[in-house]
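So this block is start.pdb, PDB, C-alpha atoms:
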MODEL        1
ATOM      1  CA  MET A 190      89.844 162.281 116.565
ATOM      2  CA  ASN A 191      91.881 159.339 117.795
ATOM      3  CA  GLU A 192      91.799 159.007 121.595
ATOM      4  CA  HIS A 193      95.595 158.742 121.611
ATOM      5  CA  GLU A 194      96.274 161.901 119.587
ATOM      6  CA  PHE A 195      96.853 163.854 122.804
ATOM      7  CA  GLU A 196      99.946 161.790 123.637
ATOM      8  CA  PRO A 197     103.121 163.901 123.330
ATOM      9  CA  VAL A 198     104.959 160.689 122.435
ATOM     10  CA  PRO A 199     103.022 157.652 121.098
ATOM     11  CA  GLY A 200     102.363 155.304 124.003
ATOM     12  CA  LEU A 201     103.603 157.717 126.671
ATOM     13  CA  PRO A 202     101.634 160.152 128.856
ATOM     14  CA  ALA A 203     104.410 162.756 128.834
ATOM     15  CA  VAL A 204     107.668 163.664 127.145
ATOM     16  CA  LEU A 205     110.552 161.554 128.401
ATOM     17  CA  PRO A 206     112.725 163.254 131.017
ATOM     18  CA  GLN A 207     116.334 164.019 130.234
ATOM     19  CA  GLY A 208     118.485 160.909 130.142
ATOM     20  CA  GLU A 209     115.621 158.521 129.400
ATOM     21  CA  ARG A 210     115.310 157.025 125.936
ATOM     22  CA  ILE A 211     113.063 154.520 124.177
ATOM     23  CA  LEU A 212     114.652 151.136 123.537
ATOM     24  CA  TRP A 213     111.663 149.353 122.005
ATOM     25  CA  GLN A 214     107.998 149.839 121.217
ATOM     26  CA  GLY A 215     105.550 147.212 120.079
ATOM     27  CA  ALA A 216     101.958 146.045 120.133
ATOM     28  CA  PRO A 217     100.282 142.640 120.188
ATOM     29  CA  VAL A 218     100.106 140.840 116.865
ATOM     30  CA  ARG A 219      96.377 140.683 116.164
ATOM     31  CA  ARG A 220      96.199 137.108 114.882
ATOM     32  CA  ALA A 221      98.351 135.839 117.732
ATOM     33  CA  LEU A 222      96.304 137.784 120.286
ATOM     34  CA  ALA A 223      93.090 136.301 118.884
ATOM     35  CA  ARG A 224      94.548 132.816 119.084
ATOM     36  CA  HIS A 225      96.300 132.896 122.458
ATOM     37  CA  ALA A 226      94.293 135.443 124.476
ATOM     38  CA  PHE A 227      90.808 135.079 122.995
ATOM     39  CA  HIS A 228      91.152 131.373 122.144
ATOM     40  CA  VAL A 229      89.705 131.659 118.655
ATOM     41  CA  ARG A 230      91.117 128.291 117.617
ATOM     42  CA  GLY A 231      89.546 126.475 120.575
ATOM     43  CA  VAL A 232      86.179 128.139 120.019
ATOM     44  CA  SER A 233      86.364 127.240 116.306
ATOM     45  CA  LEU A 234      86.959 123.589 117.172
ATOM     46  CA  TYR A 235      84.033 123.693 119.590
ATOM     47  CA  PHE A 236      81.635 124.993 116.940
ATOM     48  CA  ALA A 237      83.024 122.535 114.391
ATOM     49  CA  ALA A 238      82.211 119.688 116.773
ATOM     50  CA  LEU A 239      78.710 121.077 117.310
ATOM     51  CA  LEU A 240      78.123 121.359 113.563
ATOM     52  CA  PHE A 241      79.303 117.801 113.039
ATOM     53  CA  TRP A 242      77.050 116.495 115.794
ATOM     54  CA  HIS A 243      73.971 118.425 114.656
ATOM     55  CA  GLY A 244      74.593 117.430 111.045
ATOM     56  CA  PHE A 245      74.982 113.791 112.002
ATOM     57  CA  SER A 246      71.862 113.863 114.187
ATOM     58  CA  ALA A 247      69.802 115.550 111.493
ATOM     59  CA  GLY A 248      70.967 113.051 108.886
ATOM     60  CA  ALA A 249      70.217 110.114 111.192
ATOM     61  CA  SER A 250      66.668 111.416 111.692
ATOM     62  CA  GLY A 251      66.090 111.474 107.948
ATOM     63  CA  ALA A 252      66.566 115.169 107.233
ATOM     64  CA  GLN A 253      67.781 115.954 103.725
ATOM     65  CA  GLY A 254      68.544 118.989 101.596
ATOM     66  CA  SER A 255      67.005 122.176 102.963
ATOM     67  CA  GLN A 256      65.848 120.451 106.143
ATOM     68  CA  TRP A 257      69.389 119.331 106.893
ATOM     69  CA  LEU A 258      70.735 122.864 106.294
ATOM     70  CA  ALA A 259      67.976 124.351 108.459
ATOM     71  CA  ALA A 260      69.063 122.101 111.318
ATOM     72  CA  LEU A 261      72.609 123.444 111.058
ATOM     73  CA  ALA A 262      71.665 127.099 110.561
ATOM     74  CA  PRO A 263      71.381 128.142 114.255
ATOM     75  CA  THR A 264      74.756 126.628 115.138
ATOM     76  CA  LEU A 265      76.393 128.111 112.050
ATOM     77  CA  LEU A 266      74.975 131.542 112.843
ATOM     78  CA  GLY A 267      76.197 131.278 116.427
ATOM     79  CA  ALA A 268      79.661 130.352 115.198
ATOM     80  CA  VAL A 269      79.840 133.329 112.832
ATOM     81  CA  ILE A 270      78.650 135.779 115.487
ATOM     82  CA  GLY A 271      80.785 134.337 118.291
ATOM     83  CA  LEU A 272      83.997 134.146 116.292
ATOM     84  CA  GLY A 273      83.325 137.557 114.785
ATOM     85  CA  ILE A 274      83.035 139.108 118.261
ATOM     86  CA  LEU A 275      86.285 137.468 119.398
ATOM     87  CA  GLN A 276      88.131 138.657 116.299
ATOM     88  CA  LEU A 277      86.751 142.170 116.792
ATOM     89  CA  LEU A 278      87.894 142.218 120.423
ATOM     90  CA  ALA A 279      91.354 141.043 119.401
ATOM     91  CA  TRP A 280      91.563 143.749 116.727
ATOM     92  CA  LEU A 281      90.400 146.492 119.096
ATOM     93  CA  ASN A 282      92.857 145.454 121.799
ATOM     94  CA  ALA A 283      95.740 145.193 119.347
ATOM     95  CA  CYS A 284      94.985 148.647 117.922
ATOM     96  CA  SER A 285      94.617 150.348 121.322
ATOM     97  CA  THR A 286      97.722 148.790 122.910
ATOM     98  CA  LEU A 287     101.291 149.997 122.788
ATOM     99  CA  TYR A 288     104.111 148.671 124.960
ATOM    100  CA  THR A 289     107.128 150.930 125.483
ATOM    101  CA  LEU A 290     110.452 149.894 126.964
ATOM    102  CA  THR A 291     112.871 152.625 127.992
ATOM    103  CA  ASN A 292     116.186 152.459 129.791
ATOM    104  CA  ARG A 293     114.355 153.175 133.068
ATOM    105  CA  ARG A 294     110.902 151.620 132.936
ATOM    106  CA  LEU A 295     108.242 149.734 131.051
ATOM    107  CA  VAL A 296     105.086 151.581 130.008
ATOM    108  CA  MET A 297     101.885 149.757 129.067
ATOM    109  CA  ARG A 298      99.167 151.709 127.285
ATOM    110  CA  PHE A 299      96.007 149.683 126.784
ATOM    111  CA  GLY A 300      92.233 149.804 127.105
ATOM    112  CA  VAL A 301      89.463 149.839 124.509
ATOM    113  CA  ALA A 302      86.633 151.598 126.361
ATOM    114  CA  ILE A 303      88.784 153.258 129.037
ATOM    115  CA  PRO A 304      92.388 153.876 127.904
ATOM    116  CA  MET A 305      94.997 153.458 130.631
ATOM    117  CA  THR A 306      98.734 154.079 130.818
ATOM    118  CA  VAL A 307     100.677 152.166 133.458
ATOM    119  CA  ASN A 308     104.296 152.872 134.355
ATOM    120  CA  ILE A 309     106.356 149.992 135.745
ATOM    121  CA  PRO A 310     109.756 151.167 136.993
ATOM    122  CA  PHE A 311     112.469 148.521 136.954
ATOM    123  CA  SER A 312     112.716 148.870 140.732
ATOM    124  CA  ARG A 313     109.277 147.207 140.957
ATOM    125  CA  LEU A 314     110.312 144.191 138.862
ATOM    126  CA  GLU A 315     111.459 140.976 140.481
ATOM    127  CA  ALA A 316     111.500 138.592 137.492
ATOM    128  CA  ALA A 317     110.286 138.066 133.956
ATOM    129  CA  ASP A 318     109.006 134.866 132.386
ATOM    130  CA  LEU A 319     109.081 134.403 128.612
ATOM    131  CA  ARG A 320     106.696 132.022 126.874
ATOM    132  CA  GLU A 321     107.238 131.636 123.137
ATOM    133  CA  HIS A 322     104.537 130.378 120.786
ATOM    134  CA  GLY A 323     104.892 128.404 117.600
ATOM    135  CA  ASP A 324     103.856 131.381 115.464
ATOM    136  CA  ARG A 325     107.013 133.353 116.348
ATOM    137  CA  THR A 326     105.224 135.476 118.922
ATOM    138  CA  GLY A 327     105.335 135.225 122.675
ATOM    139  CA  ASP A 328     104.185 136.498 126.053
ATOM    140  CA  LEU A 329     106.513 138.219 128.507
ATOM    141  CA  ALA A 330     105.043 138.044 132.031
ATOM    142  CA  LEU A 331     106.408 140.323 134.732
ATOM    143  CA  THR A 332     106.593 139.458 138.425
ATOM    144  CA  LEU A 333     106.201 142.554 140.589
ATOM    145  CA  GLY A 334     107.184 143.129 144.187
ATOM    146  CA  ALA A 335     104.754 142.393 146.997
ATOM    147  CA  ASP A 336     103.952 146.106 147.310
ATOM    148  CA  SER A 337     102.946 146.400 143.641
ATOM    149  CA  ARG A 338      99.736 144.398 143.364
ATOM    150  CA  ILE A 339      97.593 144.838 140.245
ATOM    151  CA  SER A 340      94.025 143.918 139.353
ATOM    152  CA  TYR A 341      93.629 140.929 137.029
ATOM    153  CA  LEU A 342      90.354 142.267 135.623
ATOM    154  CA  VAL A 343      91.712 145.772 134.987
ATOM    155  CA  PHE A 344      94.766 144.501 133.111
ATOM    156  CA  TRP A 345      93.065 141.684 131.167
ATOM    157  CA  PRO A 346      94.016 140.535 128.542
ATOM    158  CA  HIS A 347      97.447 142.059 129.251
ATOM    159  CA  VAL A 348      98.008 139.738 132.170
ATOM    160  CA  ARG A 349      99.341 136.211 132.640
ATOM    161  CA  PRO A 350      96.463 133.710 132.285
ATOM    162  CA  TRP A 351      95.150 131.972 135.419
ATOM    163  CA  HIS A 352      97.366 133.901 137.863
ATOM    164  CA  PHE A 353      94.550 135.573 139.772
ATOM    165  CA  ALA A 354      95.914 135.936 143.312
ATOM    166  CA  CYS A 355      99.234 137.440 142.236
ATOM    167  CA  ALA A 356      98.384 138.930 138.856
ATOM    168  CA  GLN A 357     101.322 139.517 136.531
ATOM    169  CA  PRO A 358     101.214 142.252 133.862
ATOM    170  CA  THR A 359     102.172 140.688 130.539
ATOM    171  CA  LEU A 360     103.246 141.839 127.115
ATOM    172  CA  ARG A 361     100.889 139.647 125.101
ATOM    173  CA  ALA A 362     101.473 138.201 121.637
ATOM    174  CA  ILE A 363     104.504 140.342 120.815
ATOM    175  CA  ALA A 364     106.775 139.726 117.827
ATOM    176  CA  GLU A 365     110.422 138.819 118.434
ATOM    177  CA  PRO A 366     109.776 138.002 122.093
ATOM    178  CA  GLY A 367     113.304 136.722 122.705
ATOM    179  CA  ARG A 368     114.863 139.992 121.582
ATOM    180  CA  VAL A 369     112.441 142.005 123.728
ATOM    181  CA  ALA A 370     113.246 139.841 126.755
ATOM    182  CA  ASP A 371     116.962 140.448 126.222
ATOM    183  CA  LEU A 372     116.414 144.195 125.928
ATOM    184  CA  LEU A 373     114.371 144.189 129.122
ATOM    185  CA  ARG A 374     117.036 142.238 130.995
ATOM    186  CA  GLN A 375     119.819 144.506 129.808
ATOM    187  CA  ALA A 376     117.830 147.654 130.600
ATOM    188  CA  ALA A 377     116.952 146.399 134.097
ATOM    189  CA  VAL A 378     120.571 145.547 134.866
ATOM    190  CA  GLY A 379     121.852 148.882 133.638
ATOM    191  CA  SER A 380     119.074 151.037 135.045
ATOM    192  CA  THR A 381     120.158 153.940 137.225
ATOM    193  CA  VAL A 382     116.947 153.694 139.307
ATOM    194  CA  GLU A 383     117.889 150.302 140.758
ATOM    195  CA  THR A 384     120.601 149.395 143.181
ATOM    196  CA  SER A 385     123.230 147.089 141.794
ATOM    197  CA  GLY A 386     122.149 144.272 144.116
ATOM    198  CA  THR A 387     118.520 144.416 143.072
ATOM    199  CA  ALA A 388     119.418 144.556 139.391
ATOM    200  CA  SER A 389     121.700 141.515 139.656
ATOM    201  CA  GLU A 390     119.025 139.507 141.469
ATOM    202  CA  TRP A 391     116.396 140.364 138.858
ATOM    203  CA  ALA A 392     118.717 139.617 135.943
ATOM    204  CA  SER A 393     119.440 136.134 137.244
ATOM    205  CA  SER A 394     115.721 135.380 137.270
ATOM    206  CA  ALA A 395     114.985 136.767 133.830
ATOM    207  CA  PRO A 396     114.900 134.476 130.762
TER     208      PRO A 396
ENDMDL
END

As structure tokens, how would this structure be written, given the file I've shared?
Amino acid sequence: MNEHEFEPVPGLPAVLPQGERILWQGAPVRRALARHAFHVRGVSLYFAALLFWHGFSAGASGAQGSQWLAALAPTLLGAVIGLGILQLLAWLNACSTLYTLTNRRLVMRFGVAIPMTVNIPFSRLEAADLREHGDRTGDLALTLGADSRISYLVFWPHVRPWHFACAQPTLRAIAEPGRVADLLRQAAVGSTVETSGTASEWASSAP
């Protein structure tokens, strides 16, 4: 049985109340999540440099044929295992995550070992920061009010990198990030749970 089969609506802990509707749902793109959150490309370059160095050192010491391959074997094995673990983590996180945007809130369902569902009403949002990547995906980081602190470790990797003191929940590696940012801005402005002043202030800060 899938751990999310109990959800009355995919990605949501309960049926939407009257008047609330889903505007968008999406999950991280696995390849983009592996690249930008788990840094697969950087780790690959690191192991490539190690292989080059060990191969050069072994060749300089006179190793040839099977001896030269034996010198590279430990590093090559480490690269396969390390990159395999990172790719597996990216796949598990992508499969277990679902972001839901409604006309009243943002819901983040994530967690591999311990599934969590977090509701973020628009009244808690102060700003949103969009970062687009070259692979047509992007991250949408959310700035919450001072009374809405979150744990960086609990939300990772669905959090803005390196912002530890004031952690920002983030929609990571989503497709069409510009369109999602526009939908979020429009929903926040038009939300009935916010005062008109708060909504205008947030909208001016959004991308």

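The residue that comes closest to Pro310 of chain A, out of A:Arg293, A:Arg361, A:His243, A:Arg219 and on the basis of all atoms listed in the file, is A:Arg293.
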
Quiz item: For Cys284 of chain A, which residue out of A:Val301, A:Ala247, A:Ala237, A:Ala226 is the nearest one, using all atoms listed in the file?
Solution: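 Of A:Val301, A:Ala247, A:Ala237, A:Ala226, the one nearest Cys284 of chain A is A:Val301, counting all atoms listed in the file.
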
Self-check item: Nearest to Pro217 of chain A by atom-to-atom distance, counting only C-alpha atoms, from A:Arg320, A:Arg230, A:Arg368, A:His347
Solution: A:His347

Quiz item: Exactly which residues make up the result of the PyMOL selection byres ((chain A and resi 264) around 12) on this file, given as a VMD selection string?
Solution: chain A and resid 233 235 to 244 258 to 263 265 to 272

Take the residues that were just selected and, keeping C-alpha atoms, output them as an mmCIF file, keeping the file's coordinate frame.
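Generated output (result03.cif):
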data_model
loop_
_atom_site.group_PDB
_atom_site.id
_atom_site.type_symbol
_atom_site.label_atom_id
_atom_site.label_comp_id
_atom_site.auth_asym_id
_atom_site.auth_seq_id
_atom_site.Cartn_x
_atom_site.Cartn_y
_atom_site.Cartn_z
ATOM 1 C CA SER A 233 86.364 127.240 116.306
ATOM 2 C CA TYR A 235 84.033 123.693 119.590
ATOM 3 C CA PHE A 236 81.635 124.993 116.940
ATOM 4 C CA ALA A 237 83.024 122.535 114.391
ATOM 5 C CA ALA A 238 82.211 119.688 116.773
ATOM 6 C CA LEU A 239 78.710 121.077 117.310
ATOM 7 C CA LEU A 240 78.123 121.359 113.563
ATOM 8 C CA PHE A 241 79.303 117.801 113.039
ATOM 9 C CA TRP A 242 77.050 116.495 115.794
ATOM 10 C CA HIS A 243 73.971 118.425 114.656
ATOM 11 C CA GLY A 244 74.593 117.430 111.045
ATOM 12 C CA LEU A 258 70.735 122.864 106.294
ATOM 13 C CA ALA A 259 67.976 124.351 108.459
ATOM 14 C CA ALA A 260 69.063 122.101 111.318
ATOM 15 C CA LEU A 261 72.609 123.444 111.058
ATOM 16 C CA ALA A 262 71.665 127.099 110.561
ATOM 17 C CA PRO A 263 71.381 128.142 114.255
ATOM 18 C CA LEU A 265 76.393 128.111 112.050
ATOM 19 C CA LEU A 266 74.975 131.542 112.843
ATOM 20 C CA GLY A 267 76.197 131.278 116.427
ATOM 21 C CA ALA A 268 79.661 130.352 115.198
ATOM 22 C CA VAL A 269 79.840 133.329 112.832
ATOM 23 C CA ILE A 270 78.650 135.779 115.487
ATOM 24 C CA GLY A 271 80.785 134.337 118.291
ATOM 25 C CA LEU A 272 83.997 134.146 116.292
#

Find the spatial neighbours of Glu321 of chain A, counting only C-alpha atoms, within a cut-off of 10 Å - ignore same-chain residues fewer than 6 positions away - and output them as a PDB file with C-alpha atoms, in the coordinates of the input.
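Result file selection_32.pdb:
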ATOM      1  CA  GLY A 327     105.335 135.225 122.675  1.00  0.00           C
ATOM      2  CA  ASP A 328     104.185 136.498 126.053  1.00  0.00           C
ATOM      3  CA  LEU A 329     106.513 138.219 128.507  1.00  0.00           C
ATOM      4  CA  ALA A 362     101.473 138.201 121.637  1.00  0.00           C
ATOM      5  CA  ILE A 363     104.504 140.342 120.815  1.00  0.00           C
ATOM      6  CA  ALA A 364     106.775 139.726 117.827  1.00  0.00           C
ATOM      7  CA  GLU A 365     110.422 138.819 118.434  1.00  0.00           C
ATOM      8  CA  PRO A 366     109.776 138.002 122.093  1.00  0.00           C
ATOM      9  CA  GLY A 367     113.304 136.722 122.705  1.00  0.00           C
TER      10      GLY A 367
END

Quiz item: Restricting the calculation to all atoms listed in the file, which member of A:Tyr341, A:Phe311, A:Phe227, A:Phe245 is positioned closest to Arg294 of chain A?
Solution: A:Phe311

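The interatomic distance for the pair atom CA of Gly248 of chain A and atom CA of Gly231 of chain A works out to 25.7 Å.
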
Practice problem: Find, counting all atoms listed in the file, the residue in A:Phe299, A:Trp280, A:Trp351, A:Tyr288 that gets nearest to Ala223 of chain A. | Solution: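 Among the listed residues, A:Trp280 lies closest to Ala223 of chain A.
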
Compute the distance from (108.0, 153.6, 124.1) to each atom, counting all atoms listed in the file, keep the residues with any atom at most 10 Å away, and return them as a PDB file with C-alpha atoms, keeping the file's coordinate frame; use the coordinates of the file.
ATOM      1  CA  VAL A 198     104.959 160.689 122.435  1.00  0.00           C
ATOM      2  CA  PRO A 199     103.022 157.652 121.098  1.00  0.00           C
ATOM      3  CA  GLY A 200     102.363 155.304 124.003  1.00  0.00           C
ATOM      4  CA  LEU A 201     103.603 157.717 126.671  1.00  0.00           C
ATOM      5  CA  LEU A 205     110.552 161.554 128.401  1.00  0.00           C
ATOM      6  CA  ARG A 210     115.310 157.025 125.936  1.00  0.00           C
ATOM      7  CA  ILE A 211     113.063 154.520 124.177  1.00  0.00           C
ATOM      8  CA  LEU A 212     114.652 151.136 123.537  1.00  0.00           C
ATOM      9  CA  TRP A 213     111.663 149.353 122.005  1.00  0.00           C
ATOM     10  CA  GLN A 214     107.998 149.839 121.217  1.00  0.00           C
ATOM     11  CA  GLY A 215     105.550 147.212 120.079  1.00  0.00           C
ATOM     12  CA  LEU A 287     101.291 149.997 122.788  1.00  0.00           C
ATOM     13  CA  TYR A 288     104.111 148.671 124.960  1.00  0.00           C
ATOM     14  CA  THR A 289     107.128 150.930 125.483  1.00  0.00           C
ATOM     15  CA  LEU A 290     110.452 149.894 126.964  1.00  0.00           C
ATOM     16  CA  THR A 291     112.871 152.625 127.992  1.00  0.00           C
ATOM     17  CA  ARG A 294     110.902 151.620 132.936  1.00  0.00           C
ATOM     18  CA  LEU A 295     108.242 149.734 131.051  1.00  0.00           C
ATOM     19  CA  VAL A 296     105.086 151.581 130.008  1.00  0.00           C
ATOM     20  CA  MET A 297     101.885 149.757 129.067  1.00  0.00           C
ATOM     21  CA  ARG A 298      99.167 151.709 127.285  1.00  0.00           C
TER      22      ARG A 298
END

Quiz prompt | Residue contacts of Ala335 of chain A (12 Å, all atoms listed in the file) excluding same-chain residues fewer than 4 positions away, as a PyMOL selection string | solution = chain A and resi 313-315+339+354-357

Practice problem: Can you work out which one of A:Pro358, A:His225, A:Leu333, A:Ser340 has the shortest atom-to-atom distance to Gln276 of chain A, counting all atoms listed in the file? | Solution: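 Between A:Pro358, A:His225, A:Leu333, A:Ser340, the residue approaching Gln276 of chain A most closely is A:His225.
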
Exercise. Work out how far apart atom CA of Gly208 of chain A and atom CA of Ser380 of chain A are and give it in Å to one decimal.
Key: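 Computing it gives 11.0 Å between the two atoms.
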
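Rounded to one decimal, atom CA of Pro304 of chain A and atom CA of Asp318 of chain A lie 25.6 Å from each other.
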
Practice problem: Evaluate the PyMOL selection byres ((chain A and resi 373-376) around 8) here and jot the selected residues down as a PyMOL selection string. | Solution: chain A and resi 290-293+369-372+377-380+392+395

Quiz item: Once you count only C-alpha atoms, which residues end up no further than 9 Å from (97.9, 150.4, 136.3) in the file's frame, shown as a VMD selection string?
Solution: chain A and resid 297 305 to 309 339 to 340 343 to 344

Could you dump the residues just selected with C-alpha atoms as a JSON list (two decimals), in the frame of the given file?
[["chain", "number", "residue", "atom", "x", "y", "z"],
["A", 297, "MET", "CA", 101.88, 149.76, 129.07],
["A", 305, "MET", "CA", 95.00, 153.46, 130.63],
["A", 306, "THR", "CA", 98.73, 154.08, 130.82],
["A", 307, "VAL", "CA", 100.68, 152.17, 133.46],
["A", 308, "ASN", "CA", 104.30, 152.87, 134.35],
["A", 309, "ILE", "CA", 106.36, 149.99, 135.74],
["A", 339, "ILE", "CA", 97.59, 144.84, 140.24],
["A", 340, "SER", "CA", 94.02, 143.92, 139.35],
["A", 343, "VAL", "CA", 91.71, 145.77, 134.99],
["A", 344, "PHE", "CA", 94.77, 144.50, 133.11]]

Since the input lacks some atoms of segment 318-345 of chain A, please model N, CA and C atoms and print them as an mmCIF file, in the frame of the given file.
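Writing done, so here's part11.cif:
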data_model
loop_
_atom_site.group_PDB
_atom_site.id
_atom_site.type_symbol
_atom_site.label_atom_id
_atom_site.label_comp_id
_atom_site.auth_asym_id
_atom_site.auth_seq_id
_atom_site.Cartn_x
_atom_site.Cartn_y
_atom_site.Cartn_z
ATOM 1 N N ASP A 318 109.146 136.232 132.889
ATOM 2 C CA ASP A 318 109.006 134.866 132.386
ATOM 3 C C ASP A 318 108.560 134.924 130.931
ATOM 4 N N LEU A 319 109.366 134.374 130.048
ATOM 5 C CA LEU A 319 109.081 134.403 128.612
ATOM 6 C C LEU A 319 108.448 133.088 128.177
ATOM 7 N N ARG A 320 107.336 133.186 127.472
ATOM 8 C CA ARG A 320 106.696 132.022 126.874
ATOM 9 C C ARG A 320 106.556 132.269 125.379
ATOM 10 N N GLU A 321 107.267 131.476 124.591
ATOM 11 C CA GLU A 321 107.238 131.636 123.137
ATOM 12 C C GLU A 321 106.220 130.686 122.524
ATOM 13 N N HIS A 322 105.528 131.180 121.496
ATOM 14 C CA HIS A 322 104.537 130.378 120.786
ATOM 15 C C HIS A 322 105.110 129.897 119.455
ATOM 16 N N GLY A 323 104.417 128.958 118.854
ATOM 17 C CA GLY A 323 104.892 128.404 117.600
ATOM 18 C C GLY A 323 104.766 129.335 116.420
ATOM 19 N N ASP A 324 104.051 130.434 116.570
ATOM 20 C CA ASP A 324 103.856 131.381 115.464
ATOM 21 C C ASP A 324 104.844 132.543 115.520
ATOM 22 N N ARG A 325 105.948 132.348 116.230
ATOM 23 C CA ARG A 325 107.013 133.353 116.348
ATOM 24 C C ARG A 325 106.607 134.575 117.156
ATOM 25 N N THR A 326 105.582 134.440 117.962
ATOM 26 C CA THR A 326 105.224 135.476 118.922
ATOM 27 C C THR A 326 105.396 134.893 120.317
ATOM 28 N N GLY A 327 105.191 135.717 121.319
ATOM 29 C CA GLY A 327 105.335 135.225 122.675
ATOM 30 C C GLY A 327 104.747 136.183 123.689
ATOM 31 N N ASP A 328 104.662 135.700 124.933
ATOM 32 C CA ASP A 328 104.185 136.498 126.053
ATOM 33 C C ASP A 328 105.332 136.695 127.034
ATOM 34 N N LEU A 329 105.484 137.908 127.530
ATOM 35 C CA LEU A 329 106.513 138.219 128.507
ATOM 36 C C LEU A 329 105.810 138.677 129.782
ATOM 37 N N ALA A 330 105.734 137.765 130.770
ATOM 38 C CA ALA A 330 105.043 138.044 132.031
ATOM 39 C C ALA A 330 106.021 138.618 133.042
ATOM 40 N N LEU A 331 105.562 139.610 133.790
ATOM 41 C CA LEU A 331 106.408 140.323 134.732
ATOM 42 C C LEU A 331 105.952 140.043 136.163
ATOM 43 N N THR A 332 106.875 139.641 137.005
ATOM 44 C CA THR A 332 106.593 139.458 138.425
ATOM 45 C C THR A 332 106.963 140.729 139.167
ATOM 46 N N LEU A 333 105.983 141.312 139.857
ATOM 47 C CA LEU A 333 106.201 142.554 140.589
ATOM 48 C C LEU A 333 106.438 142.271 142.070
ATOM 49 N N GLY A 334 106.975 143.257 142.759
ATOM 50 C CA GLY A 334 107.184 143.129 144.187
ATOM 51 C C GLY A 334 105.876 143.026 144.938
ATOM 52 N N ALA A 335 105.955 142.597 146.187
ATOM 53 C CA ALA A 335 104.754 142.393 146.997
ATOM 54 C C ALA A 335 103.966 143.679 147.205
ATOM 55 N N ASP A 336 104.623 144.822 147.110
ATOM 56 C CA ASP A 336 103.952 146.106 147.310
ATOM 57 C C ASP A 336 103.403 146.695 146.017
ATOM 58 N N SER A 337 103.395 145.907 144.957
ATOM 59 C CA SER A 337 102.946 146.400 143.641
ATOM 60 C C SER A 337 101.878 145.481 143.063
ATOM 61 N N ARG A 338 100.830 145.254 143.818
ATOM 62 C CA ARG A 338 99.736 144.398 143.364
ATOM 63 C C ARG A 338 98.923 145.097 142.266
ATOM 64 N N ILE A 339 98.439 144.309 141.316
ATOM 65 C CA ILE A 339 97.593 144.838 140.245
ATOM 66 C C ILE A 339 96.297 144.043 140.194
ATOM 67 N N SER A 340 95.308 144.585 139.513
ATOM 68 C CA SER A 340 94.025 143.918 139.353
ATOM 69 C C SER A 340 94.023 143.086 138.075
ATOM 70 N N TYR A 341 93.686 141.817 138.187
ATOM 71 C CA TYR A 341 93.629 140.929 137.029
ATOM 72 C C TYR A 341 92.596 141.433 136.017
ATOM 73 N N LEU A 342 91.426 141.839 136.517
ATOM 74 C CA LEU A 342 90.354 142.267 135.623
ATOM 75 C C LEU A 342 90.699 143.565 134.907
ATOM 76 N N VAL A 343 91.363 144.483 135.599
ATOM 77 C CA VAL A 343 91.712 145.772 134.987
ATOM 78 C C VAL A 343 92.731 145.574 133.872
ATOM 79 N N PHE A 344 93.697 144.689 134.085
ATOM 80 C CA PHE A 344 94.766 144.501 133.111
ATOM 81 C C PHE A 344 94.396 143.534 131.987
ATOM 82 N N TRP A 345 93.389 142.690 132.176
ATOM 83 C CA TRP A 345 93.065 141.684 131.167
ATOM 84 C C TRP A 345 92.772 142.333 129.814
#
